[in-house]
Amino acid sequence: MRPGVPSAADVTFLLIDAVPASARQTMAAIADHWCDAARITICADGRRALDYLKTGIFDVVLADMASLTEGGRSLEDAFAALSQSARGALVIALSESDSVSSAVAALRSGAHDCLTKPAGGRLLAMRLEELGQRHGKARAVLAETPRGADADFEGFVGASPQMQAIYDQILRIAPSSAPVFITGESGTGKELSAEALHKRSPRADGPFIAINAGAIPRELMESELFGVVRGAYTGATEDRRGAVASADGGTLFLDEIGEMDLSLQSKLLRFLQTGTITRIGESKVHQVDVRVVCATNRNPMQLVSERKFREDLFYRLHVLPIHLPPLRQRPADIVPLAQNFLARFAAEEKKRFEGFASEAADLFIARDWPGNVRQLQNLVRRIVVMFDGGIVSAEMAMAADIESRAAQTVATFPGASTQPDYGILPMWQQEQKIIEDALQAFGGNIARAAAALEISPSTIYRKKVSWDRGAA
């Protein structure tokens with residue numbers, strides 16, 4: 001939906017189709033999902049559609065390819081004119097066939113997706129929802145957030161099914177006092193998850209103490225964790241409570257638990273078993289009431305097998321596991337996250353940014369984001385600092401993307417590769433070969449190839465567009 005539009009009931013469609021029977025089929029599909037609430041305007045050709053776009057505001061433009069090119073106009077020119085006049089609407093190309101060349105031409109000229117007719121209401125709704133989320137709040141999100149869903153949960157931003165599952169998991173386990181073990185790549189929000197668990201728990205009024213086991217020297221870690229009395233060793237000039245005692249009545253978050261020294265792991269295990277601690281240099285035993293949440297960006301079972309992590313400690317901590325998905329596995333959240341960071345950093349820098357151009361949004365979605373949300377946040381901050389404001393263009397995003405440029409520099413520098421050649425193709429080349437083999441097996445039929453690969457036909461269209469651009 002457009003900003004401020006309250007529900008999917010207000011969705012406006014512009015349908016371009018010169019064949020009455022075909023137009024009726026598409027209208028029936030729209031009515032099947034949106035009932036009678038959707039507003040549909042129909043026209044027979046591209047020129048008439050441009051007149052409607054000058055005077056009306058639409059959320060979705062459904063354009064039959066054959067109808068657009070009547071009168072000898074090229075497909076590229078027709079879709080380019082349509083997308084330029086669409087004013088933020090999602091442009092969907094409709095076709096009677098699975099022509100790869102026509103679909104690629106439409107996508108390259110500004111269409112956001114291609115569907116084969118007849119498109120059922122459910123498929124159309126799913127595709128529009130996916131596209132709306134991918135292109136952010138500046139474009140139409142044509143399905144309401146699921147009932148009870150939370151798009152902004154305890155500092156998280158994201159309404160994808162993956163994140164909804166995480167929110168639900170946090171809500172379910174927050175009331176418990178059992179240990180929680182969070183895994184996930186760097187930058188996926190492990191500490192944010194720990195804070196959410198604390199805020200939604202009965203311990204919310206108590207302290208939340210975070211300590212990073214990988215950032216503190218091993219010789220200091222025990223005193224940081226359990227405390228020390230003055231004079232216990234050279235440099236201990238004052239009594240210190242330690243993180244465990246400071247978290248009494250609340251939550252202790254142990255980040256990068258896999259980096260903790262084995263000798264200290266045994267003391268942590270004893271604390272978990274007894275609920276008591278003894279400060280360095282002191283014989284007195286202190287009883288503490290702490291819920292422990294730990295996290296690691298490594299595979300904990302691999303650490304156990306390598307004897308870097310005690311197996312008994314792992315099973316003591318691994319009671320309630322949470323695994324955070326990487327950003328590349330929840331593409332629907334990428335643009336909303338970027339929009340959130342853009343608004344925040346623009347306010348900090350006192351600049352006016354209006355959002356992301358569709359080309360910039362597409363670039364963001366196409367990235368793998370090995371640094372996850374943290375990497376996305378850093379890129380948006382650089383954009384805000386480097387530029388004065390307005391709409392973030394693809395050129396602005398590429399200019400600020402130092403990780404991508406650094407990777408290209410390393411890849412092209414003579415002798416820069418440090419990896420031995422095992423004859424293994426990069427993932428993108430393997431993916432391209434798999435898709436091309438499937439298309440060949442089904443005689444170029446994208447729908448059948450997509451079904452065999454269990455992916456969306458639009459994924460194949462988009463991949464082919466990116467491959468063609470790379471070859472140009």
# chains A, B, ... in the order shown; residues from 1 in each chain; ligands from 1
>>> select_by_dssp(residues="stretch 58-285 of chain A", states="strand (DSSP E or B)", output="PyMOL selection string")
chain A and resi 60-64+90-95+113-116+180-183+208-212+228+240+251-255+276-277+280
>>> select_by_dssp(residues="stretch 272-395 of chain A", states="alpha helix (DSSP H)", output="ChimeraX atom specification")
/A:272-274,300-305,311-317,334-349,358-366,372-386,394-395
>>> write_last_selection(atoms="C-alpha atoms", output="mmCIF file, in the first residue's frame")
data_model
loop_
_atom_site.group_PDB
_atom_site.id
_atom_site.type_symbol
_atom_site.label_atom_id
_atom_site.label_comp_id
_atom_site.auth_asym_id
_atom_site.auth_seq_id
_atom_site.Cartn_x
_atom_site.Cartn_y
_atom_site.Cartn_z
ATOM 1 C CA LEU A 272 25.404 -22.993 36.596
ATOM 2 C CA GLN A 273 25.113 -26.149 38.709
ATOM 3 C CA THR A 274 25.226 -24.489 42.135
ATOM 4 C CA PRO A 300 28.928 -25.072 18.798
ATOM 5 C CA MET A 301 28.972 -28.784 17.995
ATOM 6 C CA GLN A 302 32.108 -28.266 15.914
ATOM 7 C CA LEU A 303 33.714 -26.468 18.865
ATOM 8 C CA VAL A 304 32.806 -29.448 21.067
ATOM 9 C CA SER A 305 34.263 -31.925 18.564
ATOM 10 C CA GLU A 311 30.505 -30.936 26.086
ATOM 11 C CA ASP A 312 28.958 -30.919 29.572
ATOM 12 C CA LEU A 313 28.861 -27.097 29.550
ATOM 13 C CA PHE A 314 27.285 -27.082 26.086
ATOM 14 C CA TYR A 315 24.414 -29.314 27.182
ATOM 15 C CA ARG A 316 24.006 -27.274 30.367
ATOM 16 C CA LEU A 317 23.587 -24.098 28.294
ATOM 17 C CA ILE A 334 16.242 -5.772 3.564
ATOM 18 C CA VAL A 335 14.549 -2.632 2.237
ATOM 19 C CA PRO A 336 12.460 -1.971 5.391
ATOM 20 C CA LEU A 337 15.678 -2.223 7.430
ATOM 21 C CA ALA A 338 17.448 0.139 5.026
ATOM 22 C CA GLN A 339 14.533 2.594 5.239
ATOM 23 C CA ASN A 340 14.698 2.470 9.035
ATOM 24 C CA PHE A 341 18.457 3.138 9.069
ATOM 25 C CA LEU A 342 18.071 5.895 6.473
ATOM 26 C CA ALA A 343 15.514 7.748 8.612
ATOM 27 C CA ARG A 344 17.609 7.349 11.765
ATOM 28 C CA PHE A 345 20.927 8.467 10.292
ATOM 29 C CA ALA A 346 19.352 11.282 8.274
ATOM 30 C CA ALA A 347 17.927 12.678 11.523
ATOM 31 C CA GLU A 348 21.336 12.376 13.209
ATOM 32 C CA GLU A 349 23.101 14.131 10.324
ATOM 33 C CA SER A 358 13.734 1.015 -7.162
ATOM 34 C CA GLU A 359 17.116 0.371 -8.814
ATOM 35 C CA ALA A 360 18.896 0.995 -5.495
ATOM 36 C CA ALA A 361 16.442 -1.287 -3.685
ATOM 37 C CA ASP A 362 17.096 -4.007 -6.265
ATOM 38 C CA LEU A 363 20.848 -3.680 -5.686
ATOM 39 C CA PHE A 364 20.361 -4.052 -1.948
ATOM 40 C CA ILE A 365 18.209 -7.156 -2.386
ATOM 41 C CA ALA A 366 20.689 -8.746 -4.791
ATOM 42 C CA ASN A 372 24.239 -9.129 7.713
ATOM 43 C CA VAL A 373 22.300 -6.279 9.358
ATOM 44 C CA ARG A 374 25.460 -4.620 10.651
ATOM 45 C CA GLN A 375 26.889 -4.408 7.119
ATOM 46 C CA LEU A 376 23.612 -2.987 5.774
ATOM 47 C CA GLN A 377 23.555 -0.433 8.579
ATOM 48 C CA ASN A 378 27.118 0.671 7.812
ATOM 49 C CA LEU A 379 26.362 1.081 4.097
ATOM 50 C CA VAL A 380 23.285 3.228 4.748
ATOM 51 C CA ARG A 381 25.240 5.369 7.214
ATOM 52 C CA ARG A 382 27.952 5.964 4.574
ATOM 53 C CA ILE A 383 25.290 6.971 2.036
ATOM 54 C CA VAL A 384 23.835 9.520 4.458
ATOM 55 C CA VAL A 385 27.260 10.945 5.307
ATOM 56 C CA MET A 386 28.516 11.069 1.707
ATOM 57 C CA ALA A 394 21.766 3.073 -7.440
ATOM 58 C CA GLU A 395 24.797 5.231 -8.234
#
>>> closest_residue(among="A:Ala400, A:Ala441, A:Ile182, A:Ala452", to="A:Ile322", atoms="only C-alpha atoms")
A:Ile182
>>> closest_residue(among="A:Pro118, A:Gly88, A:Gly72, A:Gly184", to="A:His323", atoms="only C-alpha atoms")
A:Gly184
>>> closest_atom_pairs(of="stretch 262-293 of chain A", to="stretch 216-240 of chain A", cutoff="6 Å", atoms="only C-alpha atoms", output="CSV")
residue,atom,partner,partner_atom,distance
A:Arg279,CA,A:Gly227,CA,4.8
A:Ile280,CA,A:Val228,CA,4.5
A:Gly281,CA,A:Ala232,CA,4.6
>>> decode(residues="stretch 366-406 of chain A", atoms="N, CA and C atoms", output="PDB file, in the first residue's frame")
ATOM      1  N   ALA A 366      19.823  -7.802  -4.079  1.00  0.00           N
ATOM      2  CA  ALA A 366      20.689  -8.746  -4.791  1.00  0.00           C
ATOM      3  C   ALA A 366      21.958  -9.085  -4.018  1.00  0.00           C
ATOM      4  N   ARG A 367      22.311  -8.271  -3.003  1.00  0.00           N
ATOM      5  CA  ARG A 367      23.530  -8.516  -2.230  1.00  0.00           C
ATOM      6  C   ARG A 367      23.376  -9.723  -1.318  1.00  0.00           C
ATOM      7  N   ASP A 368      24.501 -10.389  -1.021  1.00  0.00           N
ATOM      8  CA  ASP A 368      24.496 -11.523  -0.091  1.00  0.00           C
ATOM      9  C   ASP A 368      24.600 -11.077   1.363  1.00  0.00           C
ATOM     10  N   TRP A 369      25.145  -9.884   1.613  1.00  0.00           N
ATOM     11  CA  TRP A 369      25.283  -9.327   2.955  1.00  0.00           C
ATOM     12  C   TRP A 369      25.977 -10.292   3.920  1.00  0.00           C
ATOM     13  N   PRO A 370      27.252 -10.628   3.668  1.00  0.00           N
ATOM     14  CA  PRO A 370      27.962 -11.512   4.604  1.00  0.00           C
ATOM     15  C   PRO A 370      28.065 -10.937   6.008  1.00  0.00           C
ATOM     16  N   GLY A 371      28.038  -9.591   6.123  1.00  0.00           N
ATOM     17  CA  GLY A 371      28.049  -8.959   7.441  1.00  0.00           C
ATOM     18  C   GLY A 371      26.668  -8.710   8.007  1.00  0.00           C
ATOM     19  N   ASN A 372      25.632  -9.173   7.263  1.00  0.00           N
ATOM     20  CA  ASN A 372      24.239  -9.129   7.713  1.00  0.00           C
ATOM     21  C   ASN A 372      23.767  -7.713   8.037  1.00  0.00           C
ATOM     22  N   VAL A 373      22.938  -7.571   9.078  1.00  0.00           N
ATOM     23  CA  VAL A 373      22.300  -6.279   9.358  1.00  0.00           C
ATOM     24  C   VAL A 373      23.341  -5.207   9.665  1.00  0.00           C
ATOM     25  N   ARG A 374      24.421  -5.596  10.319  1.00  0.00           N
ATOM     26  CA  ARG A 374      25.460  -4.620  10.651  1.00  0.00           C
ATOM     27  C   ARG A 374      26.090  -4.036   9.384  1.00  0.00           C
ATOM     28  N   GLN A 375      26.316  -4.876   8.379  1.00  0.00           N
ATOM     29  CA  GLN A 375      26.889  -4.408   7.119  1.00  0.00           C
ATOM     30  C   GLN A 375      25.915  -3.475   6.397  1.00  0.00           C
ATOM     31  N   LEU A 376      24.635  -3.838   6.387  1.00  0.00           N
ATOM     32  CA  LEU A 376      23.612  -2.987   5.774  1.00  0.00           C
ATOM     33  C   LEU A 376      23.553  -1.640   6.486  1.00  0.00           C
ATOM     34  N   GLN A 377      23.596  -1.664   7.789  1.00  0.00           N
ATOM     35  CA  GLN A 377      23.555  -0.433   8.579  1.00  0.00           C
ATOM     36  C   GLN A 377      24.741   0.470   8.243  1.00  0.00           C
ATOM     37  N   ASN A 378      25.923  -0.117   8.131  1.00  0.00           N
ATOM     38  CA  ASN A 378      27.118   0.671   7.812  1.00  0.00           C
ATOM     39  C   ASN A 378      27.025   1.298   6.425  1.00  0.00           C
ATOM     40  N   LEU A 379      26.479   0.543   5.465  1.00  0.00           N
ATOM     41  CA  LEU A 379      26.362   1.081   4.097  1.00  0.00           C
ATOM     42  C   LEU A 379      25.397   2.262   4.065  1.00  0.00           C
ATOM     43  N   VAL A 380      24.257   2.131   4.741  1.00  0.00           N
ATOM     44  CA  VAL A 380      23.285   3.228   4.748  1.00  0.00           C
ATOM     45  C   VAL A 380      23.876   4.450   5.451  1.00  0.00           C
ATOM     46  N   ARG A 381      24.610   4.229   6.524  1.00  0.00           N
ATOM     47  CA  ARG A 381      25.240   5.369   7.214  1.00  0.00           C
ATOM     48  C   ARG A 381      26.213   6.091   6.276  1.00  0.00           C
ATOM     49  N   ARG A 382      27.010   5.331   5.513  1.00  0.00           N
ATOM     50  CA  ARG A 382      27.952   5.964   4.574  1.00  0.00           C
ATOM     51  C   ARG A 382      27.212   6.764   3.518  1.00  0.00           C
ATOM     52  N   ILE A 383      26.085   6.237   3.030  1.00  0.00           N
ATOM     53  CA  ILE A 383      25.290   6.971   2.036  1.00  0.00           C
ATOM     54  C   ILE A 383      24.839   8.310   2.607  1.00  0.00           C
ATOM     55  N   VAL A 384      24.337   8.289   3.834  1.00  0.00           N
ATOM     56  CA  VAL A 384      23.835   9.520   4.458  1.00  0.00           C
ATOM     57  C   VAL A 384      24.963  10.520   4.659  1.00  0.00           C
ATOM     58  N   VAL A 385      26.134  10.042   5.056  1.00  0.00           N
ATOM     59  CA  VAL A 385      27.260  10.945   5.307  1.00  0.00           C
ATOM     60  C   VAL A 385      27.815  11.507   4.000  1.00  0.00           C
ATOM     61  N   MET A 386      27.868  10.671   2.954  1.00  0.00           N
ATOM     62  CA  MET A 386      28.516  11.069   1.707  1.00  0.00           C
ATOM     63  C   MET A 386      27.655  11.972   0.828  1.00  0.00           C
ATOM     64  N   PHE A 387      26.320  11.878   0.959  1.00  0.00           N
ATOM     65  CA  PHE A 387      25.445  12.612   0.052  1.00  0.00           C
ATOM     66  C   PHE A 387      24.515  13.550   0.816  1.00  0.00           C
ATOM     67  N   ASP A 388      23.941  14.506   0.087  1.00  0.00           N
ATOM     68  CA  ASP A 388      23.202  15.596   0.724  1.00  0.00           C
ATOM     69  C   ASP A 388      21.755  15.266   1.034  1.00  0.00           C
ATOM     70  N   GLY A 389      21.156  14.321   0.316  1.00  0.00           N
ATOM     71  CA  GLY A 389      19.758  13.997   0.575  1.00  0.00           C
ATOM     72  C   GLY A 389      19.033  13.618  -0.692  1.00  0.00           C
ATOM     73  N   GLY A 390      17.700  13.583  -0.609  1.00  0.00           N
ATOM     74  CA  GLY A 390      16.877  13.227  -1.760  1.00  0.00           C
ATOM     75  C   GLY A 390      16.623  11.729  -1.811  1.00  0.00           C
ATOM     76  N   ILE A 391      16.383  11.224  -3.022  1.00  0.00           N
ATOM     77  CA  ILE A 391      16.163   9.803  -3.234  1.00  0.00           C
ATOM     78  C   ILE A 391      17.519   9.116  -3.394  1.00  0.00           C
ATOM     79  N   VAL A 392      17.733   8.013  -2.670  1.00  0.00           N
ATOM     80  CA  VAL A 392      18.985   7.264  -2.794  1.00  0.00           C
ATOM     81  C   VAL A 392      18.959   6.505  -4.116  1.00  0.00           C
ATOM     82  N   SER A 393      19.882   6.837  -4.988  1.00  0.00           N
ATOM     83  CA  SER A 393      19.946   6.200  -6.302  1.00  0.00           C
ATOM     84  C   SER A 393      20.896   5.013  -6.268  1.00  0.00           C
ATOM     85  N   ALA A 394      20.848   4.205  -7.330  1.00  0.00           N
ATOM     86  CA  ALA A 394      21.766   3.073  -7.440  1.00  0.00           C
ATOM     87  C   ALA A 394      23.209   3.558  -7.485  1.00  0.00           C
ATOM     88  N   GLU A 395      23.434   4.701  -8.147  1.00  0.00           N
ATOM     89  CA  GLU A 395      24.797   5.231  -8.234  1.00  0.00           C
ATOM     90  C   GLU A 395      25.320   5.637  -6.860  1.00  0.00           C
ATOM     91  N   MET A 396      24.467   6.226  -6.043  1.00  0.00           N
ATOM     92  CA  MET A 396      24.868   6.603  -4.683  1.00  0.00           C
ATOM     93  C   MET A 396      25.208   5.365  -3.863  1.00  0.00           C
ATOM     94  N   ALA A 397      24.382   4.333  -3.982  1.00  0.00           N
ATOM     95  CA  ALA A 397      24.615   3.104  -3.223  1.00  0.00           C
ATOM     96  C   ALA A 397      25.931   2.458  -3.636  1.00  0.00           C
ATOM     97  N   MET A 398      26.195   2.425  -4.949  1.00  0.00           N
ATOM     98  CA  MET A 398      27.437   1.804  -5.419  1.00  0.00           C
ATOM     99  C   MET A 398      28.658   2.610  -5.009  1.00  0.00           C
ATOM    100  N   ALA A 399      28.532   3.940  -5.011  1.00  0.00           N
ATOM    101  CA  ALA A 399      29.653   4.789  -4.617  1.00  0.00           C
ATOM    102  C   ALA A 399      30.023   4.588  -3.145  1.00  0.00           C
ATOM    103  N   ALA A 400      29.024   4.312  -2.307  1.00  0.00           N
ATOM    104  CA  ALA A 400      29.267   4.132  -0.873  1.00  0.00           C
ATOM    105  C   ALA A 400      29.626   2.700  -0.500  1.00  0.00           C
ATOM    106  N   ASP A 401      29.495   1.788  -1.455  1.00  0.00           N
ATOM    107  CA  ASP A 401      29.662   0.362  -1.151  1.00  0.00           C
ATOM    108  C   ASP A 401      31.130  -0.030  -1.205  1.00  0.00           C
ATOM    109  N   ILE A 402      31.864   0.284  -0.155  1.00  0.00           N
ATOM    110  CA  ILE A 402      33.311   0.033  -0.164  1.00  0.00           C
ATOM    111  C   ILE A 402      33.624  -1.455  -0.075  1.00  0.00           C
ATOM    112  N   GLU A 403      32.738  -2.271   0.570  1.00  0.00           N
ATOM    113  CA  GLU A 403      33.014  -3.710   0.652  1.00  0.00           C
ATOM    114  C   GLU A 403      33.017  -4.330  -0.731  1.00  0.00           C
ATOM    115  N   SER A 404      32.026  -3.941  -1.551  1.00  0.00           N
ATOM    116  CA  SER A 404      31.935  -4.504  -2.894  1.00  0.00           C
ATOM    117  C   SER A 404      33.127  -4.084  -3.741  1.00  0.00           C
ATOM    118  N   ARG A 405      33.511  -2.796  -3.622  1.00  0.00           N
ATOM    119  CA  ARG A 405      34.660  -2.315  -4.400  1.00  0.00           C
ATOM    120  C   ARG A 405      35.952  -2.985  -3.945  1.00  0.00           C
ATOM    121  N   ALA A 406      36.081  -3.200  -2.646  1.00  0.00           N
ATOM    122  CA  ALA A 406      37.280  -3.855  -2.128  1.00  0.00           C
ATOM    123  C   ALA A 406      37.366  -5.288  -2.628  1.00  0.00           C
TER     124      ALA A 406
END
